[in-house]
4 protein chains.
Amino acid sequence: MDGMNEPLRDIAHLGHVELLTPKPAESLWYFTELLGMEKVHEEGRSAYLRGWGDYAASTLKLTEAEHAGVGHIAWRAISPQALDRRAEAIEATGLGIGWSNGDFGHGRCYRFHDPDGHLMEVYYDEERYVAPEELRSALRNQPMKYPGRGVGVRRTDHLAVLCRDVPKNREFVQSCLGAMLREQIRLEDGTLEAGSWMSTTAVHHEIAYVVDAKGLHGRLHHLALWVDNREDVLRAADIFMENGVFIEAGPSKHNNSQAFYLYSYEPGGNRVEVYNSGFMVFAPDFEPVIWDEETRAGGVYWGQKLPDSFRTYATPVDDGGEATADRPMPVIDPR
Amino acid sequence: MDGMNEPLRDIAHLGHVELLTPKPAESLWYFTELLGMEKVHEEGRSAYLRGWGDYAASTLKLTEAEHAGVGHIAWRAISPQALDRRAEAIEATGLGIGWSNGDFGHGRCYRFHDPDGHLMEVYYDEERYVAPEELRSALRNQPMKYPGRGVGVRRTDHLAVLCRDVPKNREFVQSCLGAMLREQIRLEDGTLEAGSWMSTTAVHHEIAYVVDAKGLHGRLHHLALWVDNREDVLRAADIFMENGVFIEAGPSKHNNSQAFYLYSYEPGGNRVEVYNSGFMVFAPDFEPVIWDEETRAGGVYWGQKLPDSFRTYATPVDDGGEATADRPMPVIDPR
Amino acid sequence: MDGMNEPLRDIAHLGHVELLTPKPAESLWYFTELLGMEKVHEEGRSAYLRGWGDYAASTLKLTEAEHAGVGHIAWRAISPQALDRRAEAIEATGLGIGWSNGDFGHGRCYRFHDPDGHLMEVYYDEERYVAPEELRSALRNQPMKYPGRGVGVRRTDHLAVLCRDVPKNREFVQSCLGAMLREQIRLEDGTLEAGSWMSTTAVHHEIAYVVDAKGLHGRLHHLALWVDNREDVLRAADIFMENGVFIEAGPSKHNNSQAFYLYSYEPGGNRVEVYNSGFMVFAPDFEPVIWDEETRAGGVYWGQKLPDSFRTYATPVDDGGEATADRPMPVIDPR
Amino acid sequence: MDGMNEPLRDIAHLGHVELLTPKPAESLWYFTELLGMEKVHEEGRSAYLRGWGDYAASTLKLTEAEHAGVGHIAWRAISPQALDRRAEAIEATGLGIGWSNGDFGHGRCYRFHDPDGHLMEVYYDEERYVAPEELRSALRNQPMKYPGRGVGVRRTDHLAVLCRDVPKNREFVQSCLGAMLREQIRLEDGTLEAGSWMSTTAVHHEIAYVVDAKGLHGRLHHLALWVDNREDVLRAADIFMENGVFIEAGPSKHNNSQAFYLYSYEPGGNRVEVYNSGFMVFAPDFEPVIWDEETRAGGVYWGQKLPDSFRTYATPVDDGGEATADRPMPVIDPR
């Protein structure tokens, strides 16, 4: 084993995510009043939100757009040098876009597309959240008061995106971001890689690539927000029902990741998961877990199947219209 | 065994409780914003509150007063006839006050004092809560939307009061209200009855009488509000800390009742318990559980002792002033 | 309102249930090793079990039989007089069988059938459980040590049986046992009573009658065992999966009763529910909650439907063979 | 910022811990029957245990010895090269002992002392656990069946050791192992570093150094085992009480780490923590949290103080005998 085989550790973690919504006021209500996130900033057509446990000033950007979907996905580098190294490596793949001056809460970043067309960026400088007096926690090590409002999600955990070619995208985030492979669905005797779950940290996964059943590009499957226990996931289900939010699946337990999940659609149409548990990966020689048609049994550990929509619904929603297998759904960059 | 030995079943349950507070605005904030109760009515110096699971229009009346304490304690009869029977029986003890025309949410009631001087009433007609459109639950069998605000207490569970003579008060609620004895603390070789826990339902206890260490009369030890699980009790502790509410003890587990508790002081000074679990009693021949100096071990199952204040602090607070062992603290009847 | 309208309170609670199993060893393993119940006695083809929180010596009798199903359902009276009153009232309906000398753990009982043919009994004398030294709890008010083995169910909660005529059976347990109606499913503009949930205590329901979709008699839908919190229900699901026990539905939340459920089939074939939460009923004038085709939405609050088997599977299992709509499945009385 | 400032990432995680016990049979009972760990091997005077979620064959070695305490603390390197680099760096400090041929479950290791005298080792080759048929999980990504026995601890989380000079030991694990500082107690205007919490992963801390109030060397404060939720911590408290295990503190919530804890003494005398929650650290520029006399308030978030023994009790227990401030308690190396 030589030095080249030692793991690449230039990315610290998934930094923040931008969601697009055609119903900004309703989406904002969902994230602040129902999920209990805090709005820290507004600018243009965007609101900047955070969970009470996030150390960064903002981890979720909510931007008004014609269609729901993911705006961009941002990765934080471990150092300025690591940022430069990642920019260089990405540029070499031909997928780079270039440097940007940053946005609320973080400094300059290098922007690029993944092979499927999702907009991504990598950055290092991050504004640490400093709570105003009325939101200061009684705990010195907690960035913000526990809100006691709605679900009370602690932090952004991960997201899953759809793509046309899973191996291509997986290899890209492995080689360019140092993401480590955790689990895979391999169908048809292992020849069809239908989904791959990856992470740059000990957290089970920060990003998943799953094949787009409609053959489209650049779509979002879901964004997952972390709560500290399963009771909070159950409580979230009640809060969603009481407020007319559609629950697509759960609360239940995934076999992949062992996590406890609840999938809802926020008013703008994006699928949002309230998430707890799941195992962490500490082994430097972890062997990815492979699931096939038989072993995955619909993705749900306790026997209930996920509904069909879980396989087909994504944002932007396929309206059966102009998009074709070779032409991606319109993904709007709000900047 | 003759008919007299069959249990008296004229009281359906503890109906509602009135708390007095010298800081009405702050107390209202505590009960509505932190505990998540709903204010359904205001009248004079009183606010009328309810938990989301209470079937009655209101179960907690909060009244401005010079001193904190319990205003009155109300028991619902199982029928109009039962109400008349109870009024007659109480009147015969000489502790009756007389009929009153009722209050917001309930009809005429018969008022009386327990031997220690706590004001009580028994009534039958109760206004069932009908939620306004915006508070209607998605569940037909739930009186009100789960609020998703603060702790989210479901309903009033029980209260504990202090008194100078526990056996006298216990016998009164046993014979006049049909309360069933569940647990007792008997000290000094069983000769000193220091506390008795009683209920008119399958719930472990609805009222406890505990000896007043200061020899005063008419004081409140605590009011307990129910949550559906222990996670909500733990969550309550965080919410209290984040909002500057004093936690006196817990979260932890009682040996008596087996319940999971958290004691705080609401801003007006009354001790309030957030409460879950505890065992129910279904046996018609249940044998009360007796604890002595040795077996009770400070009242806490997992080994931690309750603080001294738990034994001495009650409302109205003893200011060392005008009240004496033979002269009760001023108990204000707000009506 | 006259005295006749005051509630009948002769039954204290559902006492115990006998399940029949064609696989006695495997069923015993399920109840003791997976659910954590304690075997306290064996006699003939029966094993006698209890939950750690049950006050009675035994609450579940497990009897070897050719077919799975419910053997008998026992109700405890509140007094010897109440027992006599119930026997007399039942005898007057023509459904009485007669007095029996009792069984392990309880004294003489009056046996009868409900209109659908389920065998029932009412009794008063009950042996209180006294734990042997090694099973004595550290808590004086807990009948037995918490076992820390498997799920750790606390006590029997309720059962649901199928029948051909719900109103007839409902009226029988209302008038003869004093069961109070809590919820109903009424279909076809309210003309078809498809299910009724009833209780003799503050617990939401102790017995439910649901129409048998196959038109058979005397079948069991499920027996429910109580755990103290929802985490234990989730833990039960893992324990079932790890031990090859079939999970039919859940963990999830019912709309009816608001309870949290998990349905499995024990090795003998009977459906067993691990159960927590649900609301209690204290109101003496509680108005039963009625659900129709639209409002019940499949019986599951969070949106997932129950599987078809939930409507059709019951024990004894319909093998499509000799039983007909007019001829009940064989129900074996093991005594 | 130059390359030297980039974090050292040669250690993957805390690998395993060896505890010494004068009561090996009783300690084994505690870890297997009460905590639910699995014994996978026995050799000489040692038993090798694991939690159901540990990927390694064994994470806890339990060795018979005259005194309780920690035998050794093992760190897994991320690669063979990383192992060599660490051995070299440690050797340069003069604290190295030398290479050892490994032990059950792992390959060769480099052994050394920390400045306070605790025995440590670093290794790379680790045997991945392969469950025998009867212990195989229904989940492909779970190394072993969830046992459903006792508490069911998932994995080893961290340990805390006492030492005479916190800064010296902290600097050693920072520079030689790349441990990252998370929290500190600094008393006397910041001049006295009384405790430091550190980790090589995103987990809050894997090792803590706290000043030994008795001025001794090489002692263990506690070993912490992870459970997936706070309900399991509460359940552990009941299991301990029912089995005569001493609970020193908790269940409650730490301010440092925000974790939920329960401290017991296993029969051999070592303090063992059942642990859940706590925050993870992803920020590459995380600023350690400093607590002083005023802000730490006894180390407990919800207001209850830790008992005095928490500050003074450690293993080996100070018998007031031959050990002096300058002469360490006897620490036995069982190899």
# chains A, B, ... in the order shown; residues from 1 in each chain; ligands from 1
>>> interface_residues(of="chain B", to="chain A", cutoff="10 Å", atoms="only C-alpha atoms", output="PyMOL selection string")
chain B and resi 33-36+134-139+144-152+229-232+235-236+238-244
>>> write_last_selection(atoms="N, CA, C and O atoms", output="short mmCIF file (atom, residue, chain, number, x, y, z; two decimals), in the first residue's frame")
data_model
loop_
_atom_site.label_atom_id
_atom_site.label_comp_id
_atom_site.auth_asym_id
_atom_site.auth_seq_id
_atom_site.Cartn_x
_atom_site.Cartn_y
_atom_site.Cartn_z
N GLU B 33 -46.65 29.35 26.39
CA GLU B 33 -45.51 29.30 25.47
C GLU B 33 -44.56 28.16 25.79
O GLU B 33 -44.03 27.52 24.90
N LEU B 34 -44.34 27.88 27.08
CA LEU B 34 -43.38 26.82 27.44
C LEU B 34 -44.09 25.46 27.54
O LEU B 34 -43.62 24.48 26.99
N LEU B 35 -45.20 25.41 28.24
CA LEU B 35 -45.89 24.12 28.36
C LEU B 35 -46.81 23.85 27.17
O LEU B 35 -47.23 22.71 26.96
N GLY B 36 -47.12 24.88 26.41
CA GLY B 36 -47.93 24.65 25.19
C GLY B 36 -49.43 24.52 25.44
O GLY B 36 -50.15 23.97 24.61
N GLU B 134 -59.26 26.73 13.21
CA GLU B 134 -57.79 26.71 13.07
C GLU B 134 -57.12 25.81 14.10
O GLU B 134 -55.93 25.50 13.98
N LEU B 135 -57.86 25.37 15.10
CA LEU B 135 -57.28 24.49 16.12
C LEU B 135 -57.86 23.08 16.07
O LEU B 135 -57.64 22.27 16.96
N ARG B 136 -58.63 22.80 15.00
CA ARG B 136 -59.25 21.49 14.89
C ARG B 136 -58.19 20.43 14.53
O ARG B 136 -57.36 20.65 13.66
N SER B 137 -58.25 19.32 15.20
CA SER B 137 -57.27 18.26 14.94
C SER B 137 -57.61 17.47 13.69
O SER B 137 -58.78 17.37 13.30
N ALA B 138 -56.61 16.89 13.07
CA ALA B 138 -56.82 15.96 11.95
C ALA B 138 -57.43 14.65 12.45
O ALA B 138 -57.92 13.85 11.67
N LEU B 139 -57.40 14.45 13.75
CA LEU B 139 -57.96 13.23 14.35
C LEU B 139 -59.33 13.52 14.95
O LEU B 139 -59.46 14.40 15.81
N MET B 144 -58.41 18.72 20.18
CA MET B 144 -57.72 19.90 19.66
C MET B 144 -56.44 19.45 18.98
O MET B 144 -55.85 18.44 19.36
N LYS B 145 -56.03 20.21 18.03
CA LYS B 145 -54.76 20.06 17.35
C LYS B 145 -53.60 19.92 18.35
O LYS B 145 -53.51 20.70 19.31
N TYR B 146 -52.71 19.00 18.10
CA TYR B 146 -51.46 18.99 18.85
C TYR B 146 -50.71 20.26 18.50
O TYR B 146 -50.48 20.54 17.32
N PRO B 147 -50.33 21.07 19.50
CA PRO B 147 -49.86 22.43 19.17
C PRO B 147 -48.45 22.50 18.59
O PRO B 147 -48.15 23.43 17.87
N GLY B 148 -47.55 21.56 18.92
CA GLY B 148 -46.17 21.72 18.43
C GLY B 148 -45.51 22.97 18.97
O GLY B 148 -44.62 23.53 18.34
N ARG B 149 -45.94 23.39 20.14
CA ARG B 149 -45.37 24.61 20.75
C ARG B 149 -44.93 24.25 22.16
O ARG B 149 -45.73 23.80 22.97
N GLY B 150 -43.65 24.41 22.42
CA GLY B 150 -43.13 24.10 23.75
C GLY B 150 -43.29 22.63 24.07
O GLY B 150 -43.19 21.76 23.20
N VAL B 151 -43.55 22.36 25.35
CA VAL B 151 -43.61 20.98 25.82
C VAL B 151 -44.80 20.22 25.24
O VAL B 151 -44.70 19.04 24.91
N GLY B 152 -45.92 20.89 25.12
CA GLY B 152 -47.11 20.22 24.60
C GLY B 152 -47.75 19.27 25.60
O GLY B 152 -48.00 18.11 25.29
N ASN B 229 -44.83 10.83 26.86
CA ASN B 229 -43.66 9.96 26.94
C ASN B 229 -42.53 10.67 27.68
O ASN B 229 -42.56 11.87 27.90
N ARG B 230 -41.53 9.86 28.05
CA ARG B 230 -40.44 10.40 28.84
C ARG B 230 -39.56 11.35 28.04
O ARG B 230 -38.96 12.26 28.60
N GLU B 231 -39.50 11.15 26.73
CA GLU B 231 -38.73 12.08 25.90
C GLU B 231 -39.28 13.50 26.03
O GLU B 231 -38.52 14.46 25.99
N ASP B 232 -40.59 13.62 26.17
CA ASP B 232 -41.17 14.95 26.33
C ASP B 232 -40.80 15.57 27.68
O ASP B 232 -40.70 16.79 27.80
N ARG B 235 -37.29 16.75 27.09
CA ARG B 235 -37.38 17.95 26.24
C ARG B 235 -37.84 19.15 27.06
O ARG B 235 -37.36 20.27 26.87
N ALA B 236 -38.75 18.92 27.98
CA ALA B 236 -39.22 20.00 28.86
C ALA B 236 -38.07 20.59 29.66
O ALA B 236 -37.99 21.81 29.86
N ASP B 238 -34.94 20.80 28.82
CA ASP B 238 -34.18 21.71 27.95
C ASP B 238 -34.92 23.03 27.75
O ASP B 238 -34.32 24.11 27.78
N ILE B 239 -36.21 22.94 27.51
CA ILE B 239 -37.00 24.15 27.28
C ILE B 239 -36.97 25.05 28.51
O ILE B 239 -36.83 26.27 28.41
N PHE B 240 -37.06 24.45 29.69
CA PHE B 240 -37.00 25.26 30.92
C PHE B 240 -35.63 25.94 31.04
O PHE B 240 -35.54 27.12 31.35
N MET B 241 -34.54 25.18 30.82
CA MET B 241 -33.21 25.76 30.94
C MET B 241 -33.04 26.91 29.95
O MET B 241 -32.48 27.95 30.30
N GLU B 242 -33.48 26.70 28.74
CA GLU B 242 -33.29 27.74 27.71
C GLU B 242 -34.11 28.99 27.99
O GLU B 242 -33.87 30.03 27.40
N ASN B 243 -35.10 28.88 28.88
CA ASN B 243 -35.97 30.02 29.13
C ASN B 243 -35.91 30.51 30.57
O ASN B 243 -36.80 31.22 31.02
N GLY B 244 -34.86 30.10 31.27
CA GLY B 244 -34.62 30.65 32.59
C GLY B 244 -35.60 30.19 33.66
O GLY B 244 -35.76 30.85 34.69
#
>>> select_by_dssp(residues="region 171-280 of chain D", states="alpha helix (DSSP H)", output="list of chain:residue names")
D:Glu171, D:Phe172, D:Val173, D:Gln174, D:Ser175, D:Cys176, D:Leu177, D:Arg230, D:Glu231, D:Asp232, D:Val233, D:Leu234, D:Arg235, D:Ala236, D:Ala237, D:Asp238, D:Ile239, D:Phe240, D:Met241, D:Glu242
>>> write_last_selection(atoms="N, CA and C atoms", output="PDB file, in the first residue's frame")
ATOM      1  N   GLU D 171      -1.388  17.491  25.422  1.00  0.00           N
ATOM      2  CA  GLU D 171      -0.469  17.817  24.335  1.00  0.00           C
ATOM      3  C   GLU D 171       0.099  16.550  23.701  1.00  0.00           C
ATOM      4  N   PHE D 172       0.316  15.554  24.512  1.00  0.00           N
ATOM      5  CA  PHE D 172       0.849  14.296  23.985  1.00  0.00           C
ATOM      6  C   PHE D 172      -0.132  13.653  22.994  1.00  0.00           C
ATOM      7  N   VAL D 173      -1.399  13.514  23.369  1.00  0.00           N
ATOM      8  CA  VAL D 173      -2.346  12.869  22.439  1.00  0.00           C
ATOM      9  C   VAL D 173      -2.696  13.774  21.269  1.00  0.00           C
ATOM     10  N   GLN D 174      -2.562  15.077  21.462  1.00  0.00           N
ATOM     11  CA  GLN D 174      -2.762  15.976  20.320  1.00  0.00           C
ATOM     12  C   GLN D 174      -1.646  15.813  19.301  1.00  0.00           C
ATOM     13  N   SER D 175      -0.408  15.867  19.788  1.00  0.00           N
ATOM     14  CA  SER D 175       0.714  15.851  18.846  1.00  0.00           C
ATOM     15  C   SER D 175       1.032  14.447  18.337  1.00  0.00           C
ATOM     16  N   CYS D 176       0.880  13.442  19.189  1.00  0.00           N
ATOM     17  CA  CYS D 176       1.272  12.090  18.763  1.00  0.00           C
ATOM     18  C   CYS D 176       0.138  11.310  18.125  1.00  0.00           C
ATOM     19  N   LEU D 177      -1.115  11.607  18.504  1.00  0.00           N
ATOM     20  CA  LEU D 177      -2.241  10.846  17.965  1.00  0.00           C
ATOM     21  C   LEU D 177      -3.159  11.709  17.097  1.00  0.00           C
ATOM     22  N   ARG D 230     -32.109   7.837  24.375  1.00  0.00           N
ATOM     23  CA  ARG D 230     -32.167   8.135  25.798  1.00  0.00           C
ATOM     24  C   ARG D 230     -33.085   7.164  26.547  1.00  0.00           C
ATOM     25  N   GLU D 231     -34.075   6.637  25.866  1.00  0.00           N
ATOM     26  CA  GLU D 231     -34.929   5.636  26.512  1.00  0.00           C
ATOM     27  C   GLU D 231     -34.103   4.439  26.969  1.00  0.00           C
ATOM     28  N   ASP D 232     -33.101   4.072  26.191  1.00  0.00           N
ATOM     29  CA  ASP D 232     -32.254   2.951  26.587  1.00  0.00           C
ATOM     30  C   ASP D 232     -31.417   3.291  27.821  1.00  0.00           C
ATOM     31  N   VAL D 233     -31.063   4.550  27.981  1.00  0.00           N
ATOM     32  CA  VAL D 233     -30.336   4.956  29.188  1.00  0.00           C
ATOM     33  C   VAL D 233     -31.265   4.842  30.398  1.00  0.00           C
ATOM     34  N   LEU D 234     -32.498   5.277  30.228  1.00  0.00           N
ATOM     35  CA  LEU D 234     -33.474   5.179  31.324  1.00  0.00           C
ATOM     36  C   LEU D 234     -33.747   3.711  31.669  1.00  0.00           C
ATOM     37  N   ARG D 235     -33.883   2.910  30.638  1.00  0.00           N
ATOM     38  CA  ARG D 235     -34.106   1.480  30.826  1.00  0.00           C
ATOM     39  C   ARG D 235     -32.920   0.844  31.551  1.00  0.00           C
ATOM     40  N   ALA D 236     -31.720   1.301  31.226  1.00  0.00           N
ATOM     41  CA  ALA D 236     -30.520   0.787  31.893  1.00  0.00           C
ATOM     42  C   ALA D 236     -30.586   1.059  33.390  1.00  0.00           C
ATOM     43  N   ALA D 237     -31.096   2.221  33.761  1.00  0.00           N
ATOM     44  CA  ALA D 237     -31.188   2.553  35.189  1.00  0.00           C
ATOM     45  C   ALA D 237     -32.101   1.561  35.900  1.00  0.00           C
ATOM     46  N   ASP D 238     -33.218   1.227  35.287  1.00  0.00           N
ATOM     47  CA  ASP D 238     -34.106   0.221  35.889  1.00  0.00           C
ATOM     48  C   ASP D 238     -33.418  -1.132  35.992  1.00  0.00           C
ATOM     49  N   ILE D 239     -32.732  -1.517  34.944  1.00  0.00           N
ATOM     50  CA  ILE D 239     -32.040  -2.813  34.945  1.00  0.00           C
ATOM     51  C   ILE D 239     -30.970  -2.843  36.043  1.00  0.00           C
ATOM     52  N   PHE D 240     -30.256  -1.747  36.212  1.00  0.00           N
ATOM     53  CA  PHE D 240     -29.239  -1.706  37.273  1.00  0.00           C
ATOM     54  C   PHE D 240     -29.891  -1.832  38.648  1.00  0.00           C
ATOM     55  N   MET D 241     -30.963  -1.073  38.873  1.00  0.00           N
ATOM     56  CA  MET D 241     -31.634  -1.129  40.176  1.00  0.00           C
ATOM     57  C   MET D 241     -32.148  -2.542  40.460  1.00  0.00           C
ATOM     58  N   GLU D 242     -32.742  -3.157  39.475  1.00  0.00           N
ATOM     59  CA  GLU D 242     -33.324  -4.490  39.668  1.00  0.00           C
ATOM     60  C   GLU D 242     -32.251  -5.542  39.912  1.00  0.00           C
TER      61      GLU D 242
END
>>> atom_distance(atom1="CA of Glu42 (chain C)", atom2="CA of Leu19 (chain C)")
14.3 Å
>>> residues_around(residues="Met280 (chain C)", least_positions_apart="2", cutoff="7 Å", atoms="only C-alpha atoms", output="JSON, numbers by chain")
{"C": [202, 203, 204, 278, 282]}
>>> residues_around(residues="Thr200 (chain D)", least_positions_apart="5", cutoff="8 Å", atoms="only C-alpha atoms", output="list in words")
Arg9, Ile11, Ala12, His13, Leu14, Leu177, Gly178, Ala179, Met180, His205 and Glu206 of chain D
>>> select_by_dssp(residues="region 127-318 of chain D", states="strand (DSSP E)", output="PyMOL selection string")
chain D and resi 155-163+180-187+192-199+207-211+220-226+247-253+259-265+271-277+289-291
>>> atom_distance(atom1="CA of Thr93 (chain A)", atom2="CA of His113 (chain A)")
10.3 Å
